[in-house]
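Trainee: Structure in structure tokens, see below.
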Amino acid sequence: MTSSPGLMLSRIALRLNGRMLLAVDHAVAPGTVLTVMGPSGVGKSSLLAFLGGFLAPAFEAEGCVFLNGEDMTTVPAERRRMGLLFQDALLFPHLSVGENLLFGLAEDVSGRQARRRAALAMLERMGLSGLYHRDPATLSGGQQARVALARTLLSEPRALLLDEPFSRLDQERRADMRHLVFGLARERTIPAVLVTHDPEDAAAAGGPIIEIGTDA
Ligand SMILES: Nc1ncnc2c1ncn2[C@@H]1O[C@H](COP(=O)(O)OP(=O)(O)OP(=O)(O)O)[C@@H](O)[C@H]1O
């Protein structure tokens with residue numbers, strides 16, 4: 001039980017086939033990024049899946065997830081309002097950029113014109129003006145990553161779950177995206193959890209870092 005704002009990873013333990021993968025107990029304050037690092041296969045993505053409510057049934061999980069004091073542990077994924085960003089932009093290939101954005105838009109933005117205006121404003125914010133009607137396949141990797149970020153933000157997430165979101169970008173784009181993502185988390189006071197192998201991501205995130213699976 002908690003009334004603290006932010007995201008609370010309360011005594012979480014994940015097991016797979018009876019084997020302990022990880023144990024985490026950590027609070028993420030609003031506007032800060034908790035970075036999770038550790039060797040491949042230790043369960044970092046599975047931790048995000050547990051937080052987001054989409055952990056595969058093969059895992060056994062203990063512990064609770066609180067978001068702004070509310071126990072989310074048994075709330076279905078689609079009602080947790082957690083924004084996800086992955087290594088791949090995962091845009092719908094049969095939809096235009098604009099339609100991809102409308103797909104993510106929070107339900108309380110109603111009316112066709114208002115929805116379109118919100119999507120256009122977000123595109124501008126991301127430096128993507130003029131791309132509304134484009135086929136996502138014709139965009140660069142960096143542009144696709146920003147469309148994915150725009151789509152996530154339009155859903156007005158209450159927390160961000162970031163799984164290696166910059167790893168497919170070149171150095172320059174990576175720096176831009178870090179700046180955007182971490183800046184927006186701070187500006188909107190959203191707690192975020194970042195899984196990465198890159199110490200530069202962790203340094204740019206500027207928050208606490210936990211290493212899992214490395215303590216003998
Ligand atoms: N859906 C699933 N069903 C069964 N086992 C799974 C499933 N997803 C992942 N695993 C296993 O769970 C373990 C943890 O995987 P996970 O992807 O969470 O690790 P990770 O730390 O994120 O790895 P990486 O750094 O390589 O992305 C691995 O042994 C993986 O094979």
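Going by the structure tokens order, chains are called A, B, ..., each with residues numbered from 1, while ligands are numbered from 1 in the order shown.
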Can you tell me which residues come within 7 Å of ligand 1 when counting only C-alpha atoms and all ligand atoms, ideally as a tab-separated table (two decimals) with N, CA and C atoms, in the first residue's frame?

Mentor:
```tsv
chain	number	residue	atom	x	y	z
A	16	LEU	N	11.29	-18.14	-13.74
A	16	LEU	CA	10.95	-18.85	-14.97
A	16	LEU	C	11.36	-20.29	-14.77
A	38	GLY	N	21.93	-4.89	-17.19
A	38	GLY	CA	22.28	-6.25	-16.77
A	38	GLY	C	22.46	-7.11	-18.00
A	39	PRO	N	23.05	-8.28	-17.81
A	39	PRO	CA	23.37	-9.14	-18.94
A	39	PRO	C	22.13	-9.60	-19.71
A	40	SER	N	22.37	-10.03	-20.92
A	40	SER	CA	21.30	-10.54	-21.77
A	40	SER	C	20.63	-11.75	-21.13
A	41	GLY	N	19.30	-11.78	-21.18
A	41	GLY	CA	18.56	-12.94	-20.69
A	41	GLY	C	18.25	-12.92	-19.21
A	42	VAL	N	18.63	-11.84	-18.54
A	42	VAL	CA	18.44	-11.80	-17.08
A	42	VAL	C	16.99	-11.45	-16.71
A	43	GLY	N	16.25	-10.96	-17.71
A	43	GLY	CA	14.83	-10.69	-17.45
A	43	GLY	C	14.43	-9.22	-17.48
A	44	LYS	N	15.23	-8.38	-18.10
A	44	LYS	CA	14.94	-6.93	-18.12
A	44	LYS	C	13.65	-6.63	-18.89
A	45	SER	N	13.53	-7.23	-20.09
A	45	SER	CA	12.30	-6.99	-20.87
A	45	SER	C	11.10	-7.60	-20.17
A	46	SER	N	11.33	-8.73	-19.50
A	46	SER	CA	10.22	-9.36	-18.78
A	46	SER	C	9.76	-8.49	-17.61
A	47	LEU	N	10.70	-7.78	-16.99
A	47	LEU	CA	10.33	-6.85	-15.92
A	47	LEU	C	9.40	-5.76	-16.48
A	56	ALA	N	4.32	-12.84	-20.11
A	56	ALA	CA	3.86	-14.13	-20.64
A	56	ALA	C	3.54	-15.08	-19.49
A	58	ALA	N	4.28	-18.00	-18.96
A	58	ALA	CA	5.36	-18.91	-18.56
A	58	ALA	C	6.06	-18.45	-17.28
A	59	PHE	N	5.95	-17.15	-16.96
A	59	PHE	CA	6.67	-16.61	-15.80
A	59	PHE	C	5.81	-16.69	-14.54
```

Trainee: Once you count only C-alpha atoms, what closest atom pair and distance in Å to one decimal does each residue of range 147-193 of chain A within 9 Å of range 89-111 of chain A have, with rows by chain and rising residue number, as CSV?

Mentor:
```
residue,atom,partner,partner_atom,distance
A:Val147,CA,A:Val97,CA,7.2
A:Ala148,CA,A:Ala89,CA,5.4
A:Leu149,CA,A:Ala89,CA,8.3
A:Ala150,CA,A:Leu101,CA,7.0
A:Arg151,CA,A:Leu101,CA,4.7
A:Thr152,CA,A:Gly104,CA,6.3
A:Leu153,CA,A:Gly104,CA,8.1
A:Leu154,CA,A:Leu105,CA,4.8
A:Ser155,CA,A:Ala106,CA,4.4
A:Glu156,CA,A:Ala106,CA,6.2
A:Pro157,CA,A:Ala106,CA,8.8
A:Pro165,CA,A:Ala89,CA,8.2
```

Trainee: Write a file of the selected residues as an mmCIF file, in the first residue's frame, keeping N, CA and C atoms.

Mentor:
```
data_model
loop_
_atom_site.group_PDB
_atom_site.id
_atom_site.type_symbol
_atom_site.label_atom_id
_atom_site.label_comp_id
_atom_site.auth_asym_id
_atom_site.auth_seq_id
_atom_site.Cartn_x
_atom_site.Cartn_y
_atom_site.Cartn_z
ATOM 1 N N VAL A 147 8.098 9.166 -34.821
ATOM 2 C CA VAL A 147 6.657 8.925 -34.988
ATOM 3 C C VAL A 147 6.171 7.992 -33.875
ATOM 4 N N ALA A 148 6.965 6.973 -33.582
ATOM 5 C CA ALA A 148 6.579 6.042 -32.510
ATOM 6 C C ALA A 148 6.483 6.778 -31.174
ATOM 7 N N LEU A 149 7.437 7.674 -30.927
ATOM 8 C CA LEU A 149 7.406 8.452 -29.688
ATOM 9 C C LEU A 149 6.168 9.355 -29.672
ATOM 10 N N ALA A 150 5.900 9.984 -30.820
ATOM 11 C CA ALA A 150 4.727 10.865 -30.916
ATOM 12 C C ALA A 150 3.456 10.073 -30.620
ATOM 13 N N ARG A 151 3.347 8.880 -31.185
ATOM 14 C CA ARG A 151 2.158 8.054 -30.983
ATOM 15 C C ARG A 151 2.012 7.697 -29.495
ATOM 16 N N THR A 152 3.132 7.334 -28.891
ATOM 17 C CA THR A 152 3.094 6.986 -27.462
ATOM 18 C C THR A 152 2.654 8.185 -26.618
ATOM 19 N N LEU A 153 3.209 9.361 -26.924
ATOM 20 C CA LEU A 153 2.890 10.532 -26.101
ATOM 21 C C LEU A 153 1.449 10.988 -26.284
ATOM 22 N N LEU A 154 0.918 10.801 -27.494
ATOM 23 C CA LEU A 154 -0.463 11.209 -27.744
ATOM 24 C C LEU A 154 -1.459 10.401 -26.910
ATOM 25 N N SER A 155 -1.032 9.225 -26.470
ATOM 26 C CA SER A 155 -1.934 8.422 -25.636
ATOM 27 C C SER A 155 -1.921 8.919 -24.182
ATOM 28 N N GLU A 156 -1.159 10.000 -23.941
ATOM 29 C CA GLU A 156 -1.048 10.585 -22.593
ATOM 30 C C GLU A 156 -0.767 9.534 -21.534
ATOM 31 N N PRO A 157 0.373 8.869 -21.681
ATOM 32 C CA PRO A 157 0.704 7.805 -20.737
ATOM 33 C C PRO A 157 0.990 8.357 -19.346
ATOM 34 N N PRO A 165 15.054 1.734 -26.578
ATOM 35 C CA PRO A 165 14.372 2.475 -27.644
ATOM 36 C C PRO A 165 15.306 3.200 -28.606
#
```

Trainee: Just list the residues in range 5-175 of chain A DSSP gives strand (DSSP E or B) on the backbone, as a PyMOL selection string.

Mentor: chain A and resi 7-16+19-28+33-37+59-67+70-71+82-85+159-163

Trainee: Could you tell me which of A:Pro5, A:Gly83, A:Pro57, A:Gly31 comes closest to Ile190 in chain A if we count only C-alpha atoms?

Mentor: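 Of all the options, A:Gly31 lies closest to Ile190 in chain A.
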
Trainee: In terms of the shortest atom-to-atom distance over only C-alpha atoms, which of A:Val75, A:Thr32, A:Arg112, A:Ala145 is closest to Ala202 in chain A?

Mentor: A:Thr32

Trainee: Find the residues around range 71-74 of chain A up to 8 Å (only C-alpha atoms counted), leave out those fewer than 3 positions away in its own chain, and share them as a list in words.

Mentor: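 Skipping anything fewer than 3 positions along the chain leaves Met1, Leu51, Gly53, Cys64, Val65, Phe66, Leu67 and Arg80 of chain A.
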
Trainee: Please produce a file of the residues just selected, as a PDB file, in the first residue's frame, where the atoms kept are N, CA and C atoms.

Mentor:
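Resulting contents of result_17.pdb:
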```pdb
ATOM      1  N   MET A   1       0.820  -1.201   0.000  1.00  0.00           N
ATOM      2  CA  MET A   1       0.000   0.000   0.000  1.00  0.00           C
ATOM      3  C   MET A   1       0.862   1.263   0.000  1.00  0.00           C
ATOM      4  N   LEU A  51       5.534  -4.857 -15.521  1.00  0.00           N
ATOM      5  CA  LEU A  51       5.059  -3.510 -15.162  1.00  0.00           C
ATOM      6  C   LEU A  51       3.896  -3.095 -16.060  1.00  0.00           C
ATOM      7  N   GLY A  53       1.849  -5.120 -17.647  1.00  0.00           N
ATOM      8  CA  GLY A  53       0.689  -6.010 -17.577  1.00  0.00           C
ATOM      9  C   GLY A  53       0.612  -7.002 -18.717  1.00  0.00           C
ATOM     10  N   CYS A  64       4.210  -6.183  -6.442  1.00  0.00           N
ATOM     11  CA  CYS A  64       3.140  -5.281  -6.884  1.00  0.00           C
ATOM     12  C   CYS A  64       3.693  -4.096  -7.656  1.00  0.00           C
ATOM     13  N   VAL A  65       2.841  -3.553  -8.497  1.00  0.00           N
ATOM     14  CA  VAL A  65       3.164  -2.335  -9.248  1.00  0.00           C
ATOM     15  C   VAL A  65       2.148  -1.276  -8.837  1.00  0.00           C
ATOM     16  N   PHE A  66       2.632  -0.177  -8.286  1.00  0.00           N
ATOM     17  CA  PHE A  66       1.730   0.932  -7.941  1.00  0.00           C
ATOM     18  C   PHE A  66       2.041   2.101  -8.865  1.00  0.00           C
ATOM     19  N   LEU A  67       0.985   2.734  -9.355  1.00  0.00           N
ATOM     20  CA  LEU A  67       1.186   3.937 -10.157  1.00  0.00           C
ATOM     21  C   LEU A  67       0.390   5.059  -9.505  1.00  0.00           C
ATOM     22  N   ARG A  80      -3.835   0.303 -17.999  1.00  0.00           N
ATOM     23  CA  ARG A  80      -2.761   0.847 -17.142  1.00  0.00           C
ATOM     24  C   ARG A  80      -2.272   2.209 -17.619  1.00  0.00           C
TER      25      ARG A  80
END
```

Trainee: Within 12 Å of range 175-188 of chain A, counting only C-alpha atoms, which residues show up once you throw out same-chain ones fewer than 2 positions away? Write them as a tab-separated table (two decimals) with N, CA and C atoms, in the first residue's frame, please.

Mentor:
```tsv
chain	number	residue	atom	x	y	z
A	6	GLY	N	4.22	8.59	-8.61
A	6	GLY	CA	5.28	7.90	-9.35
A	6	GLY	C	4.97	6.43	-9.48
A	28	VAL	N	10.14	4.92	-8.44
A	28	VAL	CA	10.55	5.85	-9.50
A	28	VAL	C	9.73	7.12	-9.36
A	29	ALA	N	10.38	8.21	-9.02
A	29	ALA	CA	9.65	9.46	-8.78
A	29	ALA	C	9.14	10.03	-10.10
A	30	PRO	N	8.05	10.80	-10.06
A	30	PRO	CA	7.54	11.42	-11.28
A	30	PRO	C	8.63	12.25	-11.95
A	31	GLY	N	8.73	12.13	-13.27
A	31	GLY	CA	9.71	12.91	-14.02
A	31	GLY	C	11.11	12.36	-13.98
A	32	THR	N	11.31	11.21	-13.35
A	32	THR	CA	12.65	10.61	-13.35
A	32	THR	C	12.64	9.28	-14.09
A	33	VAL	N	13.84	8.91	-14.52
A	33	VAL	CA	14.00	7.68	-15.29
A	33	VAL	C	14.83	6.69	-14.47
A	34	LEU	N	14.27	5.53	-14.22
A	34	LEU	CA	15.04	4.45	-13.60
A	34	LEU	C	15.64	3.63	-14.73
A	35	THR	N	16.96	3.51	-14.73
A	35	THR	CA	17.61	2.71	-15.77
A	35	THR	C	17.90	1.31	-15.22
A	83	GLY	N	2.89	4.00	-21.45
A	83	GLY	CA	3.35	4.15	-22.83
A	83	GLY	C	4.59	3.30	-23.06
A	84	LEU	N	4.60	2.60	-24.19
A	84	LEU	CA	5.70	1.68	-24.47
A	84	LEU	C	6.50	2.16	-25.67
A	85	LEU	N	7.81	2.03	-25.57
A	85	LEU	CA	8.67	2.27	-26.73
A	85	LEU	C	9.69	1.15	-26.79
A	125	ARG	N	5.95	19.22	-33.04
A	125	ARG	CA	6.79	19.17	-31.84
A	125	ARG	C	7.98	18.23	-32.04
A	126	MET	N	7.76	17.17	-32.80
A	126	MET	CA	8.79	16.17	-33.05
A	126	MET	C	9.67	16.53	-34.24
A	127	GLY	N	9.42	17.69	-34.84
A	127	GLY	CA	10.20	18.08	-36.02
A	127	GLY	C	9.83	17.26	-37.24
A	141	GLY	N	14.94	5.74	-40.29
A	141	GLY	CA	14.81	5.08	-38.98
A	141	GLY	C	14.60	6.10	-37.88
A	142	GLY	N	15.30	7.22	-37.96
A	142	GLY	CA	15.17	8.26	-36.93
A	142	GLY	C	13.78	8.88	-36.94
A	143	GLN	N	13.26	9.10	-38.17
A	143	GLN	CA	11.91	9.67	-38.27
A	143	GLN	C	10.88	8.67	-37.75
A	144	GLN	N	11.07	7.40	-38.08
A	144	GLN	CA	10.12	6.38	-37.58
A	144	GLN	C	10.12	6.33	-36.06
A	145	ALA	N	11.32	6.45	-35.50
A	145	ALA	CA	11.43	6.42	-34.02
A	145	ALA	C	10.67	7.60	-33.42
A	146	ARG	N	10.76	8.76	-34.08
A	146	ARG	CA	10.04	9.92	-33.54
A	146	ARG	C	8.53	9.79	-33.72
A	147	VAL	N	8.10	9.17	-34.82
A	147	VAL	CA	6.66	8.93	-34.99
A	147	VAL	C	6.17	7.99	-33.87
A	148	ALA	N	6.96	6.97	-33.58
A	148	ALA	CA	6.58	6.04	-32.51
A	148	ALA	C	6.48	6.78	-31.17
A	149	LEU	N	7.44	7.67	-30.93
A	149	LEU	CA	7.41	8.45	-29.69
A	149	LEU	C	6.17	9.36	-29.67
A	150	ALA	N	5.90	9.98	-30.82
A	150	ALA	CA	4.73	10.86	-30.92
A	150	ALA	C	3.46	10.07	-30.62
A	152	THR	N	3.13	7.33	-28.89
A	152	THR	CA	3.09	6.99	-27.46
A	152	THR	C	2.65	8.18	-26.62
A	153	LEU	N	3.21	9.36	-26.92
A	153	LEU	CA	2.89	10.53	-26.10
A	153	LEU	C	1.45	10.99	-26.28
A	154	LEU	N	0.92	10.80	-27.49
A	154	LEU	CA	-0.46	11.21	-27.74
A	154	LEU	C	-1.46	10.40	-26.91
A	156	GLU	N	-1.16	10.00	-23.94
A	156	GLU	CA	-1.05	10.58	-22.59
A	156	GLU	C	-0.77	9.53	-21.53
A	157	PRO	N	0.37	8.87	-21.68
A	157	PRO	CA	0.70	7.80	-20.74
A	157	PRO	C	0.99	8.36	-19.35
A	158	ARG	N	0.70	7.53	-18.36
A	158	ARG	CA	0.98	7.94	-16.97
A	158	ARG	C	2.36	7.44	-16.53
A	159	ALA	N	2.95	6.57	-17.34
A	159	ALA	CA	4.33	6.10	-17.09
A	159	ALA	C	4.88	5.67	-18.45
A	160	LEU	N	6.20	5.66	-18.55
A	160	LEU	CA	6.83	5.22	-19.81
A	160	LEU	C	7.67	3.98	-19.54
A	161	LEU	N	7.53	3.00	-20.40
A	161	LEU	CA	8.34	1.78	-20.33
A	161	LEU	C	9.15	1.72	-21.61
A	162	LEU	N	10.47	1.82	-21.47
A	162	LEU	CA	11.34	2.01	-22.63
A	162	LEU	C	12.30	0.84	-22.75
A	164	GLU	N	15.19	-0.53	-24.77
A	164	GLU	CA	16.23	-0.26	-25.77
A	164	GLU	C	15.71	0.63	-26.90
A	165	PRO	N	15.05	1.73	-26.58
A	165	PRO	CA	14.37	2.47	-27.64
A	165	PRO	C	15.31	3.20	-28.61
A	166	PHE	N	16.58	3.32	-28.24
A	166	PHE	CA	17.49	4.10	-29.09
A	166	PHE	C	18.49	3.22	-29.84
A	167	SER	N	18.45	1.91	-29.59
A	167	SER	CA	19.58	1.09	-30.02
A	167	SER	C	19.70	0.92	-31.54
A	168	ARG	N	18.62	1.19	-32.28
A	168	ARG	CA	18.73	1.08	-33.74
A	168	ARG	C	19.11	2.40	-34.42
A	169	LEU	N	19.29	3.44	-33.60
A	169	LEU	CA	19.56	4.77	-34.18
A	169	LEU	C	21.06	5.04	-34.25
A	170	ASP	N	21.47	5.88	-35.22
A	170	ASP	CA	22.89	6.24	-35.27
A	170	ASP	C	23.17	7.24	-34.14
A	171	GLN	N	24.45	7.52	-33.91
A	171	GLN	CA	24.86	8.33	-32.76
A	171	GLN	C	24.11	9.66	-32.64
A	172	GLU	N	24.00	10.33	-33.78
A	172	GLU	CA	23.41	11.67	-33.73
A	172	GLU	C	21.92	11.61	-33.40
A	173	ARG	N	21.21	10.71	-34.08
A	173	ARG	CA	19.77	10.54	-33.85
A	173	ARG	C	19.52	10.07	-32.42
A	190	ILE	N	6.36	12.39	-15.82
A	190	ILE	CA	5.98	10.98	-15.95
A	190	ILE	C	7.15	10.13	-15.45
A	191	PRO	N	6.90	9.15	-14.61
A	191	PRO	CA	8.00	8.23	-14.25
A	191	PRO	C	8.29	7.30	-15.43
A	192	ALA	N	9.56	6.94	-15.60
A	192	ALA	CA	9.92	6.07	-16.73
A	192	ALA	C	10.89	5.00	-16.26
A	193	VAL	N	10.80	3.85	-16.91
A	193	VAL	CA	11.79	2.78	-16.68
A	193	VAL	C	12.43	2.48	-18.02
A	194	LEU	N	13.75	2.57	-18.05
A	194	LEU	CA	14.51	2.38	-19.28
A	194	LEU	C	15.38	1.13	-19.17
A	198	ASP	N	23.41	0.36	-22.96
A	198	ASP	CA	24.32	1.45	-23.31
A	198	ASP	C	24.52	2.40	-22.12
A	200	GLU	N	25.82	5.18	-22.03
A	200	GLU	CA	25.53	6.58	-22.39
A	200	GLU	C	24.04	6.89	-22.27
A	201	ASP	N	23.19	5.90	-22.57
A	201	ASP	CA	21.75	6.08	-22.35
A	201	ASP	C	21.51	6.32	-20.86
A	202	ALA	N	22.14	5.49	-20.05
A	202	ALA	CA	21.93	5.57	-18.61
A	202	ALA	C	22.39	6.93	-18.08
A	203	ALA	N	23.53	7.40	-18.58
A	203	ALA	CA	24.04	8.70	-18.12
A	203	ALA	C	23.09	9.81	-18.55
A	204	ALA	N	22.59	9.73	-19.79
A	204	ALA	CA	21.69	10.78	-20.29
A	204	ALA	C	20.36	10.76	-19.54
A	205	ALA	N	19.93	9.58	-19.11
A	205	ALA	CA	18.65	9.48	-18.39
A	205	ALA	C	18.73	10.24	-17.07
A	206	GLY	N	19.91	10.26	-16.49
A	206	GLY	CA	20.16	11.12	-15.32
A	206	GLY	C	19.53	10.64	-14.02
A	207	GLY	N	18.92	9.46	-14.02
A	207	GLY	CA	18.26	8.99	-12.81
A	207	GLY	C	19.05	7.84	-12.18
```

Trainee: Choose the residue, out of A:Ser10, A:Thr196, A:Ser4, A:Gln113, that has the smallest atom-to-atom separation from Phe86 in chain A; count only C-alpha atoms.

Mentor: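 Nearest candidate to Phe86 in chain A out of A:Ser10, A:Thr196, A:Ser4, A:Gln113: A:Thr196.
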
Trainee: Which is closest to Gly69 in chain A among A:Ile209, A:Met8, A:Met37, A:Val24, if we use only C-alpha atoms?

Mentor: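 Smallest separation from Gly69 in chain A among the options: A:Met8.
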
Trainee: Given the choices A:Asp25, A:Glu70, A:Asp88, A:Glu78, which gets closest to Gly52 in chain A if the distance is worked out from only C-alpha atoms?

Mentor: A:Glu78

Trainee: Which of range 54-138 of chain A counts as helix (DSSP H, G or I) under DSSP, as a PyMOL selection string please?

Mentor: chain A and resi 77-79+97-104+112-125+136-138

Trainee: Atoms to include: C-alpha atoms. Write the selected residues as a PDB file, in the first residue's frame.

Mentor:
```pdb
ATOM      1  CA  ALA A  77      -2.552  -3.807 -19.780  1.00  0.00           C
ATOM      2  CA  GLU A  78      -4.867  -1.584 -21.827  1.00  0.00           C
ATOM      3  CA  ARG A  79      -6.172   0.119 -18.692  1.00  0.00           C
ATOM      4  CA  VAL A  97       1.931   8.430 -40.348  1.00  0.00           C
ATOM      5  CA  GLY A  98      -1.148  10.473 -39.399  1.00  0.00           C
ATOM      6  CA  GLU A  99      -3.326   7.393 -39.033  1.00  0.00           C
ATOM      7  CA  ASN A 100      -0.669   5.783 -36.853  1.00  0.00           C
ATOM      8  CA  LEU A 101      -0.800   8.834 -34.609  1.00  0.00           C
ATOM      9  CA  LEU A 102      -4.608   8.900 -34.468  1.00  0.00           C
ATOM     10  CA  PHE A 103      -4.496   5.281 -33.424  1.00  0.00           C
ATOM     11  CA  GLY A 104      -2.535   6.244 -30.303  1.00  0.00           C
ATOM     12  CA  ARG A 112     -12.328  14.519 -36.013  1.00  0.00           C
ATOM     13  CA  GLN A 113     -10.846  18.002 -36.300  1.00  0.00           C
ATOM     14  CA  ALA A 114      -9.574  18.079 -32.705  1.00  0.00           C
ATOM     15  CA  ARG A 115      -7.926  14.686 -33.158  1.00  0.00           C
ATOM     16  CA  ARG A 116      -6.254  15.735 -36.372  1.00  0.00           C
ATOM     17  CA  ARG A 117      -5.071  19.004 -34.798  1.00  0.00           C
ATOM     18  CA  ALA A 118      -3.557  17.130 -31.843  1.00  0.00           C
ATOM     19  CA  ALA A 119      -1.715  14.760 -34.201  1.00  0.00           C
ATOM     20  CA  LEU A 120      -0.427  17.637 -36.354  1.00  0.00           C
ATOM     21  CA  ALA A 121       0.749  19.587 -33.302  1.00  0.00           C
ATOM     22  CA  MET A 122       2.627  16.553 -32.022  1.00  0.00           C
ATOM     23  CA  LEU A 123       4.257  16.032 -35.427  1.00  0.00           C
ATOM     24  CA  GLU A 124       5.463  19.595 -35.351  1.00  0.00           C
ATOM     25  CA  ARG A 125       6.792  19.170 -31.839  1.00  0.00           C
ATOM     26  CA  PRO A 136       5.905   5.026 -42.638  1.00  0.00           C
ATOM     27  CA  ALA A 137       8.067   2.758 -44.812  1.00  0.00           C
ATOM     28  CA  THR A 138       9.328   5.839 -46.677  1.00  0.00           C
TER      29      THR A 138
END
```

Trainee: Quote the spacing between CA of Pro199 in chain A and CA of Leu22 in chain A in Å to one decimal place.

Mentor: 20.3 Å

Trainee: Would you kindly return, as a PyMOL selection string, each protein, DNA or RNA residue with an atom no farther than 6 Å from any atom of Ile12 in chain A, considering only C-alpha atoms and excluding same-chain residues fewer than 3 positions away?

Mentor: chain A and resi 23-24+62-63

Trainee: Write the residues of the preceding selection, restricted to C-alpha atoms, as an mmCIF file, in the first residue's frame.

Mentor:
```cif
data_model
loop_
_atom_site.group_PDB
_atom_site.id
_atom_site.type_symbol
_atom_site.label_atom_id
_atom_site.label_comp_id
_atom_site.auth_asym_id
_atom_site.auth_seq_id
_atom_site.Cartn_x
_atom_site.Cartn_y
_atom_site.Cartn_z
ATOM 1 C CA ALA A 23 14.254 -9.282 -7.717
ATOM 2 C CA VAL A 24 13.621 -5.546 -7.685
ATOM 3 C CA GLU A 62 5.543 -11.867 -7.130
ATOM 4 C CA GLY A 63 5.225 -8.304 -5.958
#
```
